[in-house]
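*Asks:* Okay, so here is start-v5.txt, and as you'll see once you scroll down, it has compact mmCIF, C-alpha atoms and all ligand atoms.
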# COMPACT_ATOMS: atom_id res chain seq x y z
CA MET A 150 9.16 134.71 68.68
CA ALA A 151 10.58 136.40 65.64
CA ARG A 152 13.94 138.13 65.74
CA ALA A 153 12.77 140.65 63.18
CA GLU A 154 9.74 141.23 61.01
CA ALA A 155 8.22 143.51 58.41
CA ILE A 156 4.61 144.28 59.28
CA ILE A 157 2.58 144.82 56.13
CA ASP A 158 -0.63 146.78 56.66
CA LEU A 159 -2.90 145.65 53.82
CA GLY A 160 -5.55 148.09 55.02
CA ALA A 161 -3.16 150.92 54.25
CA LEU A 162 -2.52 149.41 50.79
CA ASP A 163 -6.26 149.34 50.21
CA TYR A 164 -6.54 152.99 51.30
CA ASN A 165 -3.69 154.15 49.03
CA ILE A 166 -5.05 152.37 45.94
CA LYS A 167 -8.53 153.82 46.42
CA ARG A 168 -7.07 157.27 47.00
CA LEU A 169 -4.94 157.04 43.83
CA LEU A 170 -7.74 155.67 41.67
CA SER A 171 -10.21 158.30 42.89
CA ASN A 172 -7.93 160.76 41.11
CA THR A 173 -8.26 159.28 37.61
CA LYS A 174 -10.61 157.86 35.01
CA ALA A 175 -7.96 155.33 33.97
CA GLU A 176 -7.84 151.75 35.22
CA GLY A 177 -5.19 150.87 37.78
CA LEU A 178 -2.28 148.47 37.33
CA ALA A 179 -0.64 147.45 40.60
CA VAL A 180 3.12 147.17 40.15
CA VAL A 181 4.25 144.19 42.23
CA LYS A 182 7.76 143.62 40.88
CA ALA A 183 10.60 142.84 43.29
CA ASP A 184 8.38 140.97 45.76
CA ALA A 185 5.91 143.87 45.69
CA TYR A 186 8.66 146.37 46.54
CA GLY A 187 9.67 144.08 49.41
CA HIS A 188 6.13 143.87 50.80
CA GLY A 189 5.26 140.30 49.70
CA LEU A 190 4.20 139.43 46.14
CA VAL A 191 1.04 137.35 46.42
CA PRO A 192 -0.73 138.92 49.44
CA VAL A 193 -0.13 142.41 48.00
CA ALA A 194 -1.32 141.40 44.52
CA GLU A 195 -4.49 139.81 45.88
CA ARG A 196 -5.35 142.80 48.06
CA ALA A 197 -4.55 145.29 45.29
CA LEU A 198 -7.10 143.56 43.04
CA LYS A 199 -9.69 143.63 45.81
CA ALA A 200 -9.01 147.34 46.32
CA GLY A 201 -9.85 148.06 42.68
CA ALA A 202 -6.72 147.53 40.60
CA LYS A 203 -7.68 145.67 37.40
CA TRP A 204 -4.16 144.77 36.25
CA LEU A 205 -0.90 143.56 37.76
CA GLY A 206 2.58 144.41 36.50
CA THR A 207 5.90 142.73 37.12
CA ALA A 208 9.38 143.21 35.78
CA LEU A 209 10.33 139.53 35.49
CA LEU A 210 8.46 136.72 33.83
CA GLU A 211 9.20 134.56 36.89
CA GLU A 212 7.28 137.03 39.05
CA ALA A 213 4.28 136.91 36.73
CA ILE A 214 4.38 133.11 36.69
CA ALA A 215 4.45 133.05 40.51
CA LEU A 216 1.22 135.10 40.47
CA ARG A 217 -0.45 132.66 38.06
CA ASP A 218 0.78 129.70 40.13
CA ALA A 219 -0.89 131.32 43.15
CA GLY A 220 -4.18 131.16 41.28
CA ILE A 221 -4.44 134.82 40.23
CA SER A 222 -6.29 135.19 36.92
CA ALA A 223 -6.29 139.00 36.48
CA PRO A 224 -4.41 140.40 33.47
CA ILE A 225 -0.66 140.64 34.10
CA ILE A 226 2.10 142.36 32.13
CA ALA A 227 5.76 141.37 32.50
CA TRP A 228 8.05 144.02 31.01
CA LEU A 229 11.63 142.92 31.54
CA THR A 230 11.88 139.68 29.62
CA PRO A 231 15.17 138.96 27.82
CA ILE A 232 14.73 137.11 24.52
CA THR A 233 16.07 133.95 26.17
CA ASP A 234 13.00 133.77 28.48
CA ASP A 235 10.47 130.95 28.42
CA PHE A 236 7.84 132.71 26.30
CA GLU A 237 5.86 129.51 25.76
CA SER A 238 5.10 129.37 29.50
CA ALA A 239 4.18 133.05 29.44
CA ILE A 240 1.75 132.59 26.55
CA ARG A 241 0.26 129.40 27.96
CA LYS A 242 -0.37 131.22 31.25
CA LYS A 243 -1.93 134.25 29.52
CA ILE A 244 0.78 136.64 30.64
CA ASP A 245 1.05 139.80 28.52
CA LEU A 246 4.55 140.64 27.34
CA ALA A 247 6.19 143.99 26.68
CA ILE A 248 7.89 144.23 23.29
CA PRO A 249 10.78 146.71 23.07
CA SER A 250 12.37 145.48 19.81
CA LEU A 251 11.93 143.39 16.67
CA LYS A 252 14.08 140.66 18.21
CA HIS A 253 11.68 140.38 21.12
CA LEU A 254 8.72 140.36 18.77
CA GLU A 255 10.21 137.54 16.69
CA ALA A 256 11.02 135.41 19.75
CA VAL A 257 7.56 135.88 21.24
CA VAL A 258 5.70 135.23 17.98
CA LYS A 259 7.78 132.11 17.37
CA ALA A 260 6.75 130.77 20.80
CA GLY A 261 3.11 131.65 20.06
CA LYS A 262 3.18 129.84 16.71
CA SER A 263 4.55 126.67 18.25
CA LEU A 264 1.60 126.71 20.69
CA GLY A 265 -0.99 127.90 18.20
CA ILE A 266 -1.89 130.83 20.50
CA PRO A 267 -1.41 134.46 19.46
CA PRO A 268 0.66 136.14 22.19
CA ARG A 269 -0.77 139.25 23.89
CA VAL A 270 1.75 142.09 23.75
CA HIS A 271 2.25 145.73 24.70
CA LEU A 272 4.57 147.54 22.30
CA GLU A 273 7.07 149.64 24.24
CA VAL A 274 8.30 152.91 22.80
CA ASP A 275 11.26 154.92 24.05
CA THR A 276 10.00 158.49 24.47
CA GLY A 277 13.19 159.94 25.90
CA MET A 278 14.48 157.84 28.78
CA SER A 279 16.89 155.89 26.52
CA ARG A 280 16.31 152.76 28.61
CA GLY A 281 13.54 150.38 27.53
CA GLY A 282 11.55 150.55 24.33
CA ALA A 283 12.03 150.95 20.63
CA LEU A 284 13.53 154.19 19.41
CA GLN A 285 14.80 154.35 15.83
CA ASP A 286 13.23 150.98 15.03
CA TRP A 287 9.73 152.00 16.23
CA ASN A 288 8.31 152.31 12.73
CA SER A 289 9.63 148.94 11.62
CA LEU A 290 8.38 147.41 14.88
CA VAL A 291 4.81 148.67 14.46
CA THR A 292 4.78 147.78 10.75
CA LYS A 293 5.82 144.23 11.56
CA ALA A 294 3.31 144.05 14.43
CA ALA A 295 0.50 145.15 12.10
CA GLU A 296 1.46 142.45 9.60
CA LEU A 297 1.57 139.72 12.26
CA SER A 298 -1.76 140.87 13.73
CA ASN A 299 -3.35 140.65 10.27
CA ASP A 300 -1.97 137.12 9.98
CA GLY A 301 -3.71 136.28 13.27
CA VAL A 302 -0.50 135.30 15.07
CA LEU A 303 -0.26 138.34 17.37
CA GLU A 304 -2.61 140.34 19.58
CA VAL A 305 -1.43 143.89 20.26
CA VAL A 306 -3.16 144.84 23.52
CA GLY A 307 -1.29 148.04 24.31
CA ILE A 308 1.30 150.68 23.52
CA TRP A 309 3.27 152.11 26.41
CA SER A 310 6.27 154.09 27.55
CA HIS A 311 7.88 155.27 30.79
CA PHE A 312 8.70 158.70 32.24
CA ALA A 313 12.26 159.54 33.27
CA ARG A 314 11.45 162.61 35.37
CA ALA A 315 7.82 162.35 36.48
CA ASP A 316 8.97 162.92 40.06
CA GLU A 317 9.94 166.47 38.99
CA PRO A 318 6.40 167.45 38.01
CA ASP A 319 7.37 170.94 36.83
CA HIS A 320 10.12 169.74 34.51
CA SER A 321 9.49 170.40 30.82
CA PHE A 322 10.88 166.97 29.88
CA ASN A 323 7.56 165.44 30.99
CA GLU A 324 5.66 167.42 28.38
CA GLU A 325 8.28 166.47 25.80
CA GLN A 326 7.85 162.76 26.55
CA LEU A 327 4.07 163.06 26.49
CA ILE A 328 4.09 164.70 23.05
CA ASN A 329 6.57 162.12 21.80
CA PHE A 330 4.28 159.36 23.04
CA GLN A 331 1.27 160.78 21.23
CA THR A 332 3.27 161.13 18.02
CA ARG A 333 4.51 157.54 18.24
CA VAL A 334 0.99 156.26 18.88
CA LEU A 335 -0.22 158.09 15.76
CA GLU A 336 2.57 156.46 13.74
CA ALA A 337 1.37 153.07 14.96
CA LYS A 338 -2.25 153.85 14.10
CA LYS A 339 -1.20 154.92 10.62
CA VAL A 340 0.08 151.43 9.84
CA GLY A 341 -2.96 149.80 11.43
CA VAL A 342 -1.88 149.12 15.01
CA ASN A 343 -4.72 150.43 17.15
CA PRO A 344 -4.64 148.73 20.55
CA LYS A 345 -7.25 149.29 23.21
CA LEU A 346 -4.79 150.34 25.94
CA LEU A 347 -2.32 153.21 26.09
CA HIS A 348 -0.26 153.61 29.25
CA LEU A 349 2.47 155.97 30.33
CA SER A 350 2.05 157.03 33.98
CA ASN A 351 3.88 155.78 37.05
CA SER A 352 2.94 156.90 40.59
CA ALA A 353 4.37 160.39 40.24
CA ALA A 354 2.53 161.09 36.97
CA THR A 355 -0.66 159.57 38.38
CA LEU A 356 -0.46 162.05 41.27
CA THR A 357 0.49 165.14 39.29
CA ASN A 358 -0.30 164.92 35.58
CA SER A 359 -3.77 163.76 34.55
CA SER A 360 -3.11 164.47 30.86
CA SER A 361 -0.73 161.49 30.86
CA HIS A 362 -3.10 158.93 32.42
CA PHE A 363 -4.59 157.50 29.18
CA ASP A 364 -6.28 154.10 29.77
CA LEU A 365 -4.15 152.61 32.53
CA VAL A 366 -1.95 154.03 35.30
CA ARG A 367 0.90 151.93 36.70
CA LEU A 368 0.92 152.36 40.48
CA GLY A 369 4.15 151.56 42.27
CA ILE A 370 5.72 153.39 45.18
CA ALA A 371 2.65 155.49 46.03
CA MET A 372 0.55 152.35 46.39
CA TYR A 373 2.96 151.35 49.16
CA GLY A 374 2.30 154.69 50.83
CA LEU A 375 5.62 156.31 49.97
CA SER A 376 6.32 159.53 48.11
CA PRO A 377 8.03 159.25 44.69
CA GLU A 378 10.22 162.21 45.62
CA VAL A 379 9.92 163.97 48.96
CA SER A 380 11.53 167.31 48.12
CA ALA A 381 9.63 167.92 44.86
CA MET A 382 6.34 166.27 45.77
CA GLY A 383 6.11 166.22 49.57
CA SER A 384 6.06 163.40 52.12
CA SER A 385 3.60 160.52 52.42
CA GLU A 386 1.65 162.66 54.83
CA THR A 387 1.40 165.66 52.48
CA LEU A 388 0.32 163.34 49.67
CA ASN A 389 -2.30 161.73 51.91
CA LEU A 390 -0.71 158.27 51.62
CA LYS A 391 -0.25 155.71 54.39
CA PRO A 392 3.07 153.83 54.54
CA VAL A 393 2.29 150.11 54.26
CA MET A 394 5.48 148.69 55.81
CA LYS A 395 6.67 148.84 59.38
CA LEU A 396 9.96 147.20 60.20
CA ARG A 397 11.08 146.03 63.62
CA ALA A 398 13.78 143.89 65.24
CA ARG A 399 14.54 142.73 68.74
CA LEU A 400 17.13 144.30 71.00
CA HIS A 401 19.71 141.56 71.42
CA LEU A 402 21.64 143.25 74.21
CA VAL A 403 21.53 146.40 76.33
CA LYS A 404 24.66 147.59 78.13
CA GLU A 405 26.44 150.50 79.76
CA VAL A 406 29.71 151.72 78.29
CA PRO A 407 32.09 154.44 79.44
CA ALA A 408 32.77 157.71 77.62
CA GLY A 409 35.39 157.36 74.89
CA SER A 410 34.40 153.82 73.82
CA GLN A 411 34.79 153.19 70.12
CA VAL A 412 31.82 151.36 68.59
CA GLY A 413 31.73 148.77 65.83
CA TYR A 414 34.02 147.83 62.93
CA GLY A 415 36.62 150.44 62.16
CA GLY A 416 35.82 152.36 65.33
CA THR A 417 34.07 154.99 63.25
CA ALA A 418 32.15 156.40 66.23
CA THR A 419 33.07 157.00 69.85
CA THR A 420 30.76 157.56 72.84
CA LYS A 421 30.89 161.14 74.06
CA THR A 422 29.74 160.37 77.61
CA ASP A 423 29.11 157.36 79.81
CA THR A 424 26.02 155.96 78.14
CA LYS A 425 23.81 152.98 77.38
CA LEU A 426 23.97 151.20 74.04
CA ALA A 427 21.66 148.58 72.55
CA VAL A 428 22.40 145.97 69.90
CA VAL A 429 19.62 145.64 67.30
CA ALA A 430 19.28 142.15 65.75
CA MET A 431 19.22 143.19 62.11
CA GLY A 432 22.00 144.07 59.68
CA TYR A 433 23.02 144.58 56.10
CA ALA A 434 22.27 140.94 55.26
CA ASP A 435 18.66 141.83 56.07
CA GLY A 436 18.77 144.97 53.94
CA VAL A 437 19.79 147.62 56.49
CA PRO A 438 22.35 149.58 54.45
CA ARG A 439 25.89 149.47 55.84
CA ASN A 440 26.48 153.12 55.10
CA ALA A 441 23.51 154.40 57.12
CA ASN A 442 24.61 157.35 59.24
CA SER A 443 23.41 158.45 62.66
CA THR A 444 20.46 160.42 61.28
CA ALA A 445 18.73 157.02 61.12
CA GLY A 446 18.08 154.67 64.00
CA VAL A 447 15.28 152.96 65.88
CA LEU A 448 12.35 153.89 68.07
CA VAL A 449 12.60 151.98 71.32
CA SER A 450 10.51 152.59 74.46
CA ASN A 451 8.95 155.45 72.47
CA LYS A 452 12.28 157.25 72.15
CA LYS A 453 14.49 157.72 69.12
CA ALA A 454 17.87 156.03 69.42
CA PRO A 455 20.37 156.89 66.66
CA ILE A 456 22.75 154.44 65.03
CA ILE A 457 26.27 154.60 66.44
CA GLY A 458 29.10 153.15 64.34
CA ARG A 459 28.81 151.00 61.26
CA VAL A 460 25.99 148.60 60.50
CA SER A 461 27.26 144.97 60.58
CA MET A 462 25.96 141.95 58.68
CA ASP A 463 23.39 140.82 61.25
CA GLN A 464 23.29 143.65 63.78
CA PHE A 465 23.92 147.29 64.52
CA VAL A 466 24.37 149.39 67.65
CA VAL A 467 22.20 152.31 68.73
CA GLU A 468 22.71 154.76 71.56
CA ILE A 469 19.68 154.60 73.83
CA GLY A 470 21.12 156.85 76.58
CA ASN A 471 21.37 156.46 80.36
CA ASP A 472 17.72 157.20 81.04
CA SER A 473 16.37 154.54 78.67
CA ILE A 474 14.16 151.87 80.18
CA ALA A 475 14.66 149.54 77.18
CA ASN A 476 15.48 145.90 77.86
CA ALA A 477 16.97 143.04 75.90
CA GLY A 478 14.16 141.37 73.96
CA ASP A 479 12.21 144.60 73.37
CA TRP A 480 11.09 145.52 69.86
CA ALA A 481 13.03 148.31 68.18
CA TYR A 482 11.20 149.95 65.26
CA LEU A 483 13.42 150.81 62.29
CA ILE A 484 10.47 152.04 60.21
CA GLY A 485 7.23 153.31 61.75
CA SER A 486 6.10 152.64 65.31
CA GLU A 487 3.16 151.62 67.42
CA GLY A 488 1.66 155.07 67.52
CA GLY A 489 4.69 157.24 68.31
CA ASP A 490 6.82 159.29 65.97
CA GLY A 491 9.29 156.82 64.51
CA TYR A 492 11.80 156.81 61.66
CA THR A 493 10.45 156.61 58.10
CA ALA A 494 11.73 154.89 54.97
CA ASP A 495 12.45 158.45 53.80
CA ALA A 496 14.62 159.13 56.87
CA TRP A 497 16.58 155.93 56.19
CA ALA A 498 16.95 156.87 52.53
CA LYS A 499 18.37 160.24 53.48
CA ALA A 500 20.74 158.64 56.00
CA CYS A 501 22.04 156.31 53.28
CA GLY A 502 22.18 158.67 50.29
CA THR A 503 19.48 156.76 48.43
CA ILE A 504 15.71 156.72 47.82
CA ASN A 505 12.87 155.10 49.76
CA TYR A 506 12.39 152.57 46.90
CA GLU A 507 15.81 151.07 47.62
CA ILE A 508 15.22 150.93 51.37
CA VAL A 509 12.02 148.85 51.15
CA THR A 510 12.92 146.65 48.16
CA ARG A 511 16.16 145.54 49.79
CA ILE A 512 14.61 144.12 52.95
CA GLY A 513 15.78 140.55 52.53
CA PRO A 514 14.15 137.12 52.59
CA ARG A 515 15.51 136.47 56.11
CA VAL A 516 12.92 138.94 57.42
CA PRO A 517 9.44 137.39 57.62
CA ARG A 518 6.52 139.47 56.34
CA VAL A 519 3.55 139.60 58.68
CA PHE A 520 0.27 140.72 57.10
CA ILE A 521 -2.29 142.69 59.09
CA ASN A 522 -5.71 144.26 58.38
C1 LIG B 1 8.54 150.25 38.52
C2 LIG B 1 7.72 150.72 37.40
C3 LIG B 1 6.57 151.50 37.61
C4 LIG B 1 6.19 152.03 38.96
O1 LIG B 1 6.98 153.16 39.26
P1 LIG B 1 6.72 153.98 40.61
O2 LIG B 1 7.63 155.13 40.51
O3 LIG B 1 7.08 153.06 41.73
O4 LIG B 1 5.28 154.32 40.61
C5 LIG B 1 5.78 151.80 36.53
N1 LIG B 1 6.10 151.37 35.29
C6 LIG B 1 7.21 150.66 35.04
C7 LIG B 1 7.51 150.24 33.67
C8 LIG B 1 8.06 150.32 36.08
O5 LIG B 1 9.17 149.60 35.82
Represent the supplied structure as structure tokens.
Ligand SMILES: *Cc1c(COP(=O)(O)O)cnc(C)c1O
*Replies:*
Amino acid sequence: MARAEAIIDLGALDYNIKRLLSNTKAEGLAVVKADAYGHGLVPVAERALKAGAKWLGTALLEEAIALRDAGISAPIIAWLTPITDDFESAIRKKIDLAIPSLKHLEAVVKAGKSLGIPPRVHLEVDTGMSRGGALQDWNSLVTKAAELSNDGVLEVVGIWSHFARADEPDHSFNEEQLINFQTRVLEAKKVGVNPKLLHLSNSAATLTNSSSHFDLVRLGIAMYGLSPEVSAMGSSETLNLKPVMKLRARLHLVKEVPAGSQVGYGGTATTKTDTKLAVVAMGYADGVPRNANSTAGVLVSNKKAPIIGRVSMDQFVVEIGNDSIANAGDWAYLIGSEGGDGYTADAWAKACGTINYEIVTRIGPRVPRVFIN
């Protein structure tokens, strides 16, 4: 029997996608980068398409190729593809590519010419995040793209950009980026680039800002049932989303220790009373952050047991207390529970000074994913 596992509820994924798409006239793109946010690339992609998503999105070309190799034929965009990538494979496998610069455009068109297939691209414009996308070179990029399209060596499928602060729905920067986007699209149209798809929204914008939906919304964290930002937007529950991942590991050992015992590397915590501790068989090599504090822990025998001391590579210690009936070999739930009120990815994020995205995406390959529903 497994030492640890992530239980992936595909029924919850289905529910979240339908709930998100019921909110918009746009088509849905399921973002499955980073092993589907740690949930398992291919099973999540297949179920997302069944639930109504029409597109898939990945960061890396390798991720998009893995989807094609699994037999998935839906349209896919890969948007983080350095110019050294294997664009011939991408084009041969009908993977759409994001184009953030003239250099990218040249490399992709060159690969397309050598195959005799016009590459399908989505021109990426920087509307204020100063990360991906063309900024000062936008006009030369769209002019060149128009020329190449006229020559029949390029197919411009979309124009897109990304929000920096969509998880602060009331922030005026969202409106600024939206206006910028519309202006940049007009500039493209002026030189003859008039693609059928415009896309700008991530989960947060899909939930809060319908004027930014355009033709396609890119669904990430919310599809996995997690809130883009708990304090500004509310929890999964408030947003009517169902967390898709539960995470559990076996108790390796249960034992009694006297008051005043220091626990773990560096002796950073000490027992206050005579008590019972349990060793959970999961550690930072599995993606449990080393700096998690005692506001996180596990649910065991339907009771919350906080972390005590530092998380180690393969294990960590929790205080289960003298009255606990937990035994070695029992499941301890790090995220979710079987019915009871367990810890959430949000609780772990708070305990580690990070966001729920980082908690779920870091669950490592040593933890098998088990798919249910
Ligand atoms: C990751 C990503 C998304 C999804 O963002 P969420 O906040 O998880 O919804 C959308 N678009 C792009 C370009 C991304 O990189």
*Asks:* Output as a tab-separated table one row per residue of chain A within 10 Å of ligand LIG 1 (chain B): the closest atom pair and its distance in Å to one decimal place, counting only C-alpha atoms and all ligand atoms, sorted by chain and residue number ascending.
*Replies:*
residue	atom	partner	partner_atom	distance
A:Leu178	CA	B:LIG1	C5	8.8
A:Ala179	CA	B:LIG1	C4	8.4
A:Val180	CA	B:LIG1	C4	5.9
A:Val181	CA	B:LIG1	C1	8.3
A:Lys182	CA	B:LIG1	C1	7.1
A:Ala183	CA	B:LIG1	C1	9.1
A:Ala185	CA	B:LIG1	C1	10.0
A:Tyr186	CA	B:LIG1	O3	8.4
A:Gly206	CA	B:LIG1	N1	7.9
A:Thr207	CA	B:LIG1	O5	7.7
A:Ala208	CA	B:LIG1	O5	6.4
A:Ile226	CA	B:LIG1	C7	9.7
A:Ala227	CA	B:LIG1	C7	9.1
A:Trp228	CA	B:LIG1	C7	6.8
A:Leu229	CA	B:LIG1	O5	8.3
A:Ala247	CA	B:LIG1	C7	9.5
A:Glu273	CA	B:LIG1	C7	9.5
A:Gly281	CA	B:LIG1	C7	8.6
A:Trp309	CA	B:LIG1	C7	8.6
A:Ser310	CA	B:LIG1	C7	7.3
A:His311	CA	B:LIG1	C7	5.8
A:Phe312	CA	B:LIG1	N1	8.4
A:Ala313	CA	B:LIG1	O2	9.7
A:Arg314	CA	B:LIG1	O2	9.8
A:Ala315	CA	B:LIG1	O2	8.3
A:Asp316	CA	B:LIG1	O2	7.9
A:His348	CA	B:LIG1	N1	9.1
A:Leu349	CA	B:LIG1	N1	7.7
A:Ser350	CA	B:LIG1	C5	6.9
A:Asn351	CA	B:LIG1	O4	4.1
A:Ser352	CA	B:LIG1	O4	3.5
A:Ala353	CA	B:LIG1	O4	6.1
A:Ala354	CA	B:LIG1	O4	8.2
A:Thr355	CA	B:LIG1	O4	8.2
A:Leu356	CA	B:LIG1	O4	9.7
A:Val366	CA	B:LIG1	C5	8.1
A:Arg367	CA	B:LIG1	C5	4.9
A:Leu368	CA	B:LIG1	O4	4.8
A:Gly369	CA	B:LIG1	O3	3.3
A:Ile370	CA	B:LIG1	O3	3.7
A:Ala371	CA	B:LIG1	O4	6.1
A:Met372	CA	B:LIG1	O4	7.7
A:Tyr373	CA	B:LIG1	O3	8.7
A:Leu375	CA	B:LIG1	O3	9.0
A:Ser376	CA	B:LIG1	O2	8.9
A:Pro377	CA	B:LIG1	O2	5.9
A:Glu378	CA	B:LIG1	O2	9.1
A:Tyr506	CA	B:LIG1	O3	7.4
*Asks:* Pick out the residues sitting within 8 Å of Val291 in chain A, and hand them over as a PyMOL selection string; count only C-alpha atoms, and ignore anything fewer than 3 positions along from it in its own chain.
*Replies:* chain A and resi 272+287-288+294-295+337+340+342
*Asks:* Report, in Å with one decimal, the straight-line distance from CA of Ala202 in chain A to CA of Leu170 in chain A.
*Replies:*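 Interatomic distance here is 8.3 Å.
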*Asks:* Of the residues A:Asp163, A:Asp463, A:Glu255, A:Asp479, which is the one nearest to Leu303 in chain A, using all atoms listed in the file?
*Replies:*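 Among A:Asp163, A:Asp463, A:Glu255, A:Asp479, it is A:Glu255 that comes nearest to Leu303 in chain A.
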*Asks:* Mind pulling up the distance from CA of Leu426 in chain A to CA of Glu405 in chain A?
*Replies:*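 Here the two named atoms are 6.3 Å from each other.
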*Asks:* Counting all atoms listed in the file, figure out which residue out of A:Ala153, A:Ile166, A:Ala213, A:Ile456 gets nearest to Asp184 in chain A.
*Replies:*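 The answer is A:Ala213, which sits nearest to Asp184 in chain A.
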*Asks:* Choose the residue, out of A:Val466, A:Ala194, A:Val393, A:Met150, that has the smallest atom-to-atom separation from Thr420 in chain A; count all atoms listed in the file.
*Replies:*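 So, comparing all the options, the nearest one is A:Val466.
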*Asks:* How far is it from CA of Lys425 in chain A to CA of Val449 in chain A, in Å with one decimal?
*Replies:*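 Separation of CA of Lys425 in chain A and CA of Val449 in chain A: 12.8 Å.
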